[in-house]
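Below is the file structure-v1.pdb, which contains PDB, C-alpha atoms.
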```pdb
ATOM      1  CA  MET A   1     -58.608  39.294 140.323
ATOM      2  CA  ASP A   2     -61.301  41.011 142.430
ATOM      3  CA  LEU A   3     -62.594  37.687 143.722
ATOM      4  CA  GLU A   4     -59.057  36.781 144.801
ATOM      5  CA  ILE A   5     -58.880  39.878 147.044
ATOM      6  CA  VAL A   6     -62.193  38.927 148.689
ATOM      7  CA  THR A   7     -60.927  35.369 149.188
ATOM      8  CA  LEU A   8     -57.701  36.661 150.772
ATOM      9  CA  LEU A   9     -59.520  39.016 153.137
ATOM     10  CA  VAL A  10     -62.416  36.672 153.946
ATOM     11  CA  PRO A  11     -61.395  33.018 153.538
ATOM     12  CA  THR A  12     -64.257  30.603 154.113
ATOM     13  CA  GLY A  13     -64.073  27.657 156.503
ATOM     14  CA  PRO A  14     -65.101  24.201 155.326
ATOM     15  CA  SER A  15     -67.591  23.241 158.076
ATOM     16  CA  LEU A  16     -69.579  24.324 161.101
ATOM     17  CA  ALA A  17     -67.123  22.461 163.365
ATOM     18  CA  ALA A  18     -64.200  24.351 161.796
ATOM     19  CA  GLY A  19     -66.172  27.579 162.225
ATOM     20  CA  ALA A  20     -66.749  26.807 165.906
ATOM     21  CA  ALA A  21     -63.055  26.032 166.403
ATOM     22  CA  LEU A  22     -62.100  29.302 164.694
ATOM     23  CA  LEU A  23     -64.587  31.132 166.929
ATOM     24  CA  VAL A  24     -62.922  29.668 170.033
ATOM     25  CA  LEU A  25     -59.475  30.574 168.660
ATOM     26  CA  ARG A  26     -60.591  34.126 167.793
ATOM     27  CA  LEU A  27     -62.151  34.636 171.230
ATOM     28  CA  PHE A  28     -59.056  33.313 173.014
ATOM     29  CA  VAL A  29     -56.565  35.367 171.000
ATOM     30  CA  GLY A  30     -58.842  38.423 171.004
ATOM     31  CA  VAL A  31     -59.287  38.501 174.781
ATOM     32  CA  ALA A  32     -55.591  37.728 175.346
ATOM     33  CA  PHE A  33     -54.485  40.650 173.194
ATOM     34  CA  ILE A  34     -56.980  43.111 174.601
ATOM     35  CA  ARG A  35     -55.454  42.170 177.963
ATOM     36  CA  HIS A  36     -51.876  42.380 176.605
ATOM     37  CA  GLY A  37     -52.346  45.640 174.687
ATOM     38  CA  TRP A  38     -54.292  47.810 177.128
ATOM     39  CA  PRO A  39     -51.777  47.807 180.018
ATOM     40  CA  LYS A  40     -48.984  48.519 177.552
ATOM     41  CA  LEU A  41     -50.908  51.510 176.180
ATOM     42  CA  ARG A  42     -51.539  52.801 179.713
ATOM     43  CA  ASN A  43     -47.878  52.390 180.729
ATOM     44  CA  LEU A  44     -46.217  53.107 177.408
ATOM     45  CA  ARG A  45     -43.092  54.874 178.663
ATOM     46  CA  THR A  46     -42.355  52.175 181.267
ATOM     47  CA  TRP A  47     -42.838  49.405 178.686
ATOM     48  CA  SER A  48     -40.724  51.239 176.103
ATOM     49  CA  THR A  49     -37.879  51.654 178.586
ATOM     50  CA  ALA A  50     -38.043  48.011 179.679
ATOM     51  CA  MET A  51     -38.046  46.835 176.049
ATOM     52  CA  LYS A  52     -35.291  49.280 175.022
ATOM     53  CA  THR A  53     -37.500  50.097 172.051
ATOM     54  CA  PRO A  54     -38.609  53.535 170.796
ATOM     55  CA  GLU A  55     -41.867  54.703 172.359
ATOM     56  CA  TRP A  56     -43.554  55.225 168.970
ATOM     57  CA  LEU A  57     -42.838  51.613 167.997
ATOM     58  CA  CYS A  58     -44.155  50.362 171.340
ATOM     59  CA  PHE A  59     -47.288  52.472 170.790
ATOM     60  CA  LEU A  60     -47.855  50.906 167.360
ATOM     61  CA  SER A  61     -47.378  47.437 168.805
ATOM     62  CA  ALA A  62     -49.643  47.980 171.827
ATOM     63  CA  ALA A  63     -52.340  49.727 169.783
ATOM     64  CA  SER A  64     -52.287  46.959 167.176
ATOM     65  CA  MET A  65     -52.545  44.291 169.891
ATOM     66  CA  TRP A  66     -55.467  46.036 171.566
ATOM     67  CA  GLY A  67     -57.309  47.019 168.379
ATOM     68  CA  ALA A  68     -56.762  43.673 166.679
ATOM     69  CA  GLY A  69     -57.925  41.866 169.820
ATOM     70  CA  ILE A  70     -61.172  43.844 169.683
ATOM     71  CA  ALA A  71     -61.582  43.059 165.959
ATOM     72  CA  LEU A  72     -60.955  39.318 166.428
ATOM     73  CA  ILE A  73     -63.773  38.788 168.914
ATOM     74  CA  PRO A  74     -66.588  39.383 166.378
ATOM     75  CA  GLY A  75     -64.379  38.239 163.479
ATOM     76  CA  LEU A  76     -64.023  41.601 161.747
ATOM     77  CA  LEU A  77     -61.337  41.583 159.022
ATOM     78  CA  THR A  78     -59.806  38.594 160.792
ATOM     79  CA  PRO A  79     -56.763  38.075 158.514
ATOM     80  CA  LEU A  80     -55.707  41.728 158.879
ATOM     81  CA  ALA A  81     -56.261  41.738 162.654
ATOM     82  CA  ALA A  82     -54.288  38.510 163.033
ATOM     83  CA  LEU A  83     -51.494  39.949 160.866
ATOM     84  CA  ALA A  84     -51.215  42.976 163.179
ATOM     85  CA  ILE A  85     -50.772  40.678 166.181
ATOM     86  CA  LEU A  86     -48.416  38.376 164.282
ATOM     87  CA  VAL A  87     -46.050  41.276 163.514
ATOM     88  CA  SER A  88     -45.840  42.229 167.210
ATOM     89  CA  MET A  89     -45.311  38.632 168.287
ATOM     90  CA  ALA A  90     -42.698  38.006 165.596
ATOM     91  CA  TYR A  91     -40.818  41.071 166.870
ATOM     92  CA  ALA A  92     -41.097  39.698 170.431
ATOM     93  CA  MET A  93     -39.679  36.395 169.197
ATOM     94  CA  VAL A  94     -36.726  38.167 167.576
ATOM     95  CA  LEU A  95     -35.987  40.111 170.769
ATOM     96  CA  GLU A  96     -36.154  36.921 172.826
ATOM     97  CA  LEU A  97     -33.949  34.984 170.384
ATOM     98  CA  VAL A  98     -31.369  37.793 170.304
ATOM     99  CA  SER A  99     -31.378  37.758 174.119
ATOM    100  CA  GLY A 100     -30.469  34.070 173.976
ATOM    101  CA  PHE A 101     -33.657  32.785 175.566
ATOM    102  CA  PRO A 102     -34.441  29.108 174.905
ATOM    103  CA  PHE A 103     -37.524  27.999 172.975
ATOM    104  CA  ILE A 104     -38.942  26.295 176.072
ATOM    105  CA  ALA A 105     -37.743  27.441 179.483
ATOM    106  CA  PRO A 106     -37.191  25.008 182.324
ATOM    107  CA  ASP A 107     -40.299  24.367 184.371
ATOM    108  CA  PRO A 108     -40.135  26.796 187.321
ATOM    109  CA  TYR A 109     -41.154  23.992 189.677
ATOM    110  CA  GLN A 110     -38.094  21.978 188.652
ATOM    111  CA  ILE A 111     -35.648  24.806 189.328
ATOM    112  CA  PRO A 112     -34.109  24.537 192.791
ATOM    113  CA  GLU A 113     -35.344  27.092 195.340
ATOM    114  CA  GLY A 114     -33.439  30.371 194.985
ATOM    115  CA  ASP A 115     -31.842  29.511 191.615
ATOM    116  CA  TYR A 116     -34.087  31.736 189.513
ATOM    117  CA  ALA A 117     -35.382  35.237 189.995
ATOM    118  CA  GLY A 118     -36.423  37.165 186.912
ATOM    119  CA  PRO A 119     -36.530  40.927 186.413
ATOM    120  CA  MET A 120     -39.816  41.137 188.340
ATOM    121  CA  GLY A 121     -38.908  38.591 191.014
ATOM    122  CA  VAL A 122     -39.501  34.869 191.062
ATOM    123  CA  GLY A 123     -41.667  33.624 188.212
ATOM    124  CA  GLU A 124     -41.544  31.971 184.815
ATOM    125  CA  PRO A 125     -38.065  31.816 183.295
ATOM    126  CA  PRO A 126     -37.969  33.639 179.932
ATOM    127  CA  SER A 127     -38.433  31.790 176.637
ATOM    128  CA  TRP A 128     -39.769  32.528 173.168
ATOM    129  CA  GLU A 129     -42.331  29.716 173.298
ATOM    130  CA  LYS A 130     -45.388  31.888 174.046
ATOM    131  CA  ALA A 131     -44.613  34.399 171.295
ATOM    132  CA  ALA A 132     -44.136  31.515 168.841
ATOM    133  CA  MET A 133     -47.485  29.984 169.819
ATOM    134  CA  TYR A 134     -49.241  33.294 169.147
ATOM    135  CA  VAL A 135     -47.478  33.549 165.766
ATOM    136  CA  VAL A 136     -48.786  30.075 164.853
ATOM    137  CA  MET A 137     -52.314  30.906 166.066
ATOM    138  CA  CYS A 138     -52.279  34.078 163.984
ATOM    139  CA  LEU A 139     -51.068  32.164 160.919
ATOM    140  CA  VAL A 140     -54.101  29.875 161.297
ATOM    141  CA  LEU A 141     -56.436  32.888 161.502
ATOM    142  CA  ILE A 142     -54.750  34.646 158.568
ATOM    143  CA  THR A 143     -55.087  31.615 156.306
ATOM    144  CA  SER A 144     -58.462  30.336 157.557
ATOM    145  CA  GLY A 145     -60.232  33.610 158.262
ATOM    146  CA  GLY A 146     -62.843  34.120 160.934
ATOM    147  CA  GLY A 147     -64.909  31.101 159.930
ATOM    148  CA  LEU A 148     -68.633  30.695 159.463
ATOM    149  CA  LEU A 149     -69.431  32.377 162.789
ATOM    150  CA  SER A 150     -67.809  35.746 162.057
ATOM    151  CA  LEU A 151     -68.742  39.199 160.814
ATOM    152  CA  ASP A 152     -66.354  38.533 157.945
ATOM    153  CA  ASN A 153     -68.542  35.685 156.756
ATOM    154  CA  LEU A 154     -71.876  37.272 157.650
ATOM    155  CA  LEU A 155     -71.285  40.809 156.296
ATOM    156  CA  ILE A 156     -67.847  41.641 154.968
ATOM    157  CA  ALA A 157     -67.602  39.045 152.161
ATOM    158  CA  ASP A 158     -70.829  40.295 150.528
ATOM    159  CA  LEU A 159     -69.853  43.941 151.050
ATOM    160  CA  LEU A 160     -66.388  43.427 149.505
ATOM    161  CA  GLY A 161     -67.932  41.424 146.670
ATOM    162  CA  ALA A 162     -70.314  44.282 145.891
ATOM    163  CA  ILE A 163     -67.570  46.915 146.041
ATOM    164  CA  LEU A 164     -65.043  44.981 143.998
TER
END
```
I need this file expressed as structure tokens, please.
Amino acid sequence: MDLEIVTLLVPTGPSLAAGAALLVLRLFVGVAFIRHGWPKLRNLRTWSTAMKTPEWLCFLSAASMWGAGIALIPGLLTPLAALAILVSMAYAMVLELVSGFPFIAPDPYQIPEGDYAGPMGVGEPPSWEKAAMYVVMCLVLITSGGGLLSLDNLLIADLLGAIL
């Protein structure tokens, strides 16, 4: 049973190539969510009002995005960090689905001039595609772990093995 917990928290990748791919994925998602979380933390009330979501829930979401992004870069408790981001992105997907947004929005360059202006002016039409892509990326990190090139693999697996 103890070994199963270690395997869940620190799954091992099958090869160096898979480890390199997981490193690239971790770096991409980590940087993206540091950049998504920090402005939301700094402008919490504005974001909460725009989302029509309680401020405490927005704080949990923004803090989990930012903190998990930081943890993903070195690959520290990767499955847990990815789960924190997944929960926020799944909630974003639900909000976007309830709002009636399509999975993939029309390409803004194919929309006739003047036919689309979003809440912040002209830009990308809303869709739930980006949130879904982050959910899928996080599922890969949850099930695959940080890979060979991660703190999980280098330190955490041995530490958890010794404790459990």
_Between atom CA of A:Val31 and atom CA of A:Asn43, distance in Å (one decimal)_ = 18.9 Å
Determine the residue membership of the PyMOL selection byres ((chain A and resi 82) around 9) for the file above and supply it as a PDB file with C-alpha atoms, keeping the file's coordinate frame.
```pdb
ATOM      1  CA  VAL A  29     -56.565  35.367 171.000  1.00  0.00           C
ATOM      2  CA  ALA A  68     -56.762  43.673 166.679  1.00  0.00           C
ATOM      3  CA  GLY A  69     -57.925  41.866 169.820  1.00  0.00           C
ATOM      4  CA  LEU A  72     -60.955  39.318 166.428  1.00  0.00           C
ATOM      5  CA  LEU A  77     -61.337  41.583 159.022  1.00  0.00           C
ATOM      6  CA  THR A  78     -59.806  38.594 160.792  1.00  0.00           C
ATOM      7  CA  PRO A  79     -56.763  38.075 158.514  1.00  0.00           C
ATOM      8  CA  LEU A  80     -55.707  41.728 158.879  1.00  0.00           C
ATOM      9  CA  ALA A  81     -56.261  41.738 162.654  1.00  0.00           C
ATOM     10  CA  LEU A  83     -51.494  39.949 160.866  1.00  0.00           C
ATOM     11  CA  ALA A  84     -51.215  42.976 163.179  1.00  0.00           C
ATOM     12  CA  ILE A  85     -50.772  40.678 166.181  1.00  0.00           C
ATOM     13  CA  LEU A  86     -48.416  38.376 164.282  1.00  0.00           C
ATOM     14  CA  VAL A  87     -46.050  41.276 163.514  1.00  0.00           C
ATOM     15  CA  VAL A 135     -47.478  33.549 165.766  1.00  0.00           C
ATOM     16  CA  MET A 137     -52.314  30.906 166.066  1.00  0.00           C
ATOM     17  CA  CYS A 138     -52.279  34.078 163.984  1.00  0.00           C
ATOM     18  CA  LEU A 139     -51.068  32.164 160.919  1.00  0.00           C
ATOM     19  CA  VAL A 140     -54.101  29.875 161.297  1.00  0.00           C
ATOM     20  CA  LEU A 141     -56.436  32.888 161.502  1.00  0.00           C
ATOM     21  CA  ILE A 142     -54.750  34.646 158.568  1.00  0.00           C
TER      22      ILE A 142
END
```
Counting all atoms listed in the file, find the residues whose atoms lie at most 7 Å from (-38.7, 30.2, 173.8) (file coordinates) and write them out as a tab-separated table (two decimals) with C-alpha atoms, in the coordinates of the input.
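The result, stored in point-v9.tsv:
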```tsv
chain	number	residue	atom	x	y	z
A	101	PHE	CA	-33.66	32.78	175.57
A	102	PRO	CA	-34.44	29.11	174.90
A	103	PHE	CA	-37.52	28.00	172.98
A	104	ILE	CA	-38.94	26.30	176.07
A	105	ALA	CA	-37.74	27.44	179.48
A	127	SER	CA	-38.43	31.79	176.64
A	128	TRP	CA	-39.77	32.53	173.17
A	129	GLU	CA	-42.33	29.72	173.30
A	130	LYS	CA	-45.39	31.89	174.05
```
*Please write as number ranges by chain the full residue list that the PyMOL selection byres ((chain A and resi 153) around 12) yields on this file.*
A: 6-7, 9-13, 19, 23, 74-78, 144-152, 154-161
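Residues captured in this structure file are Gly30, Phe33, Ile34, Arg35, His36, Gly37, Trp38, Pro39, Lys40, Leu41, Asn43, Leu44, Arg45, Thr46, Trp47, Trp66, Gly67, Ala68, Gly69, Ile70, Ala81, Ala84, Ile85, Val87, Ser88 and Leu95 of chain A, according to the PyMOL selection byres ((chain A and resi 48-65) around 9).
Counting from atom CA of A:Ala131, the distance to atom CA of A:Thr143 is 18.5 Å.
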*From the set A:Pro125, A:Val94, A:Ser99, A:Tyr134, which residue has the shortest atom-to-atom contact distance to A:Arg26, counting all atoms listed in the file?*
A:Tyr134
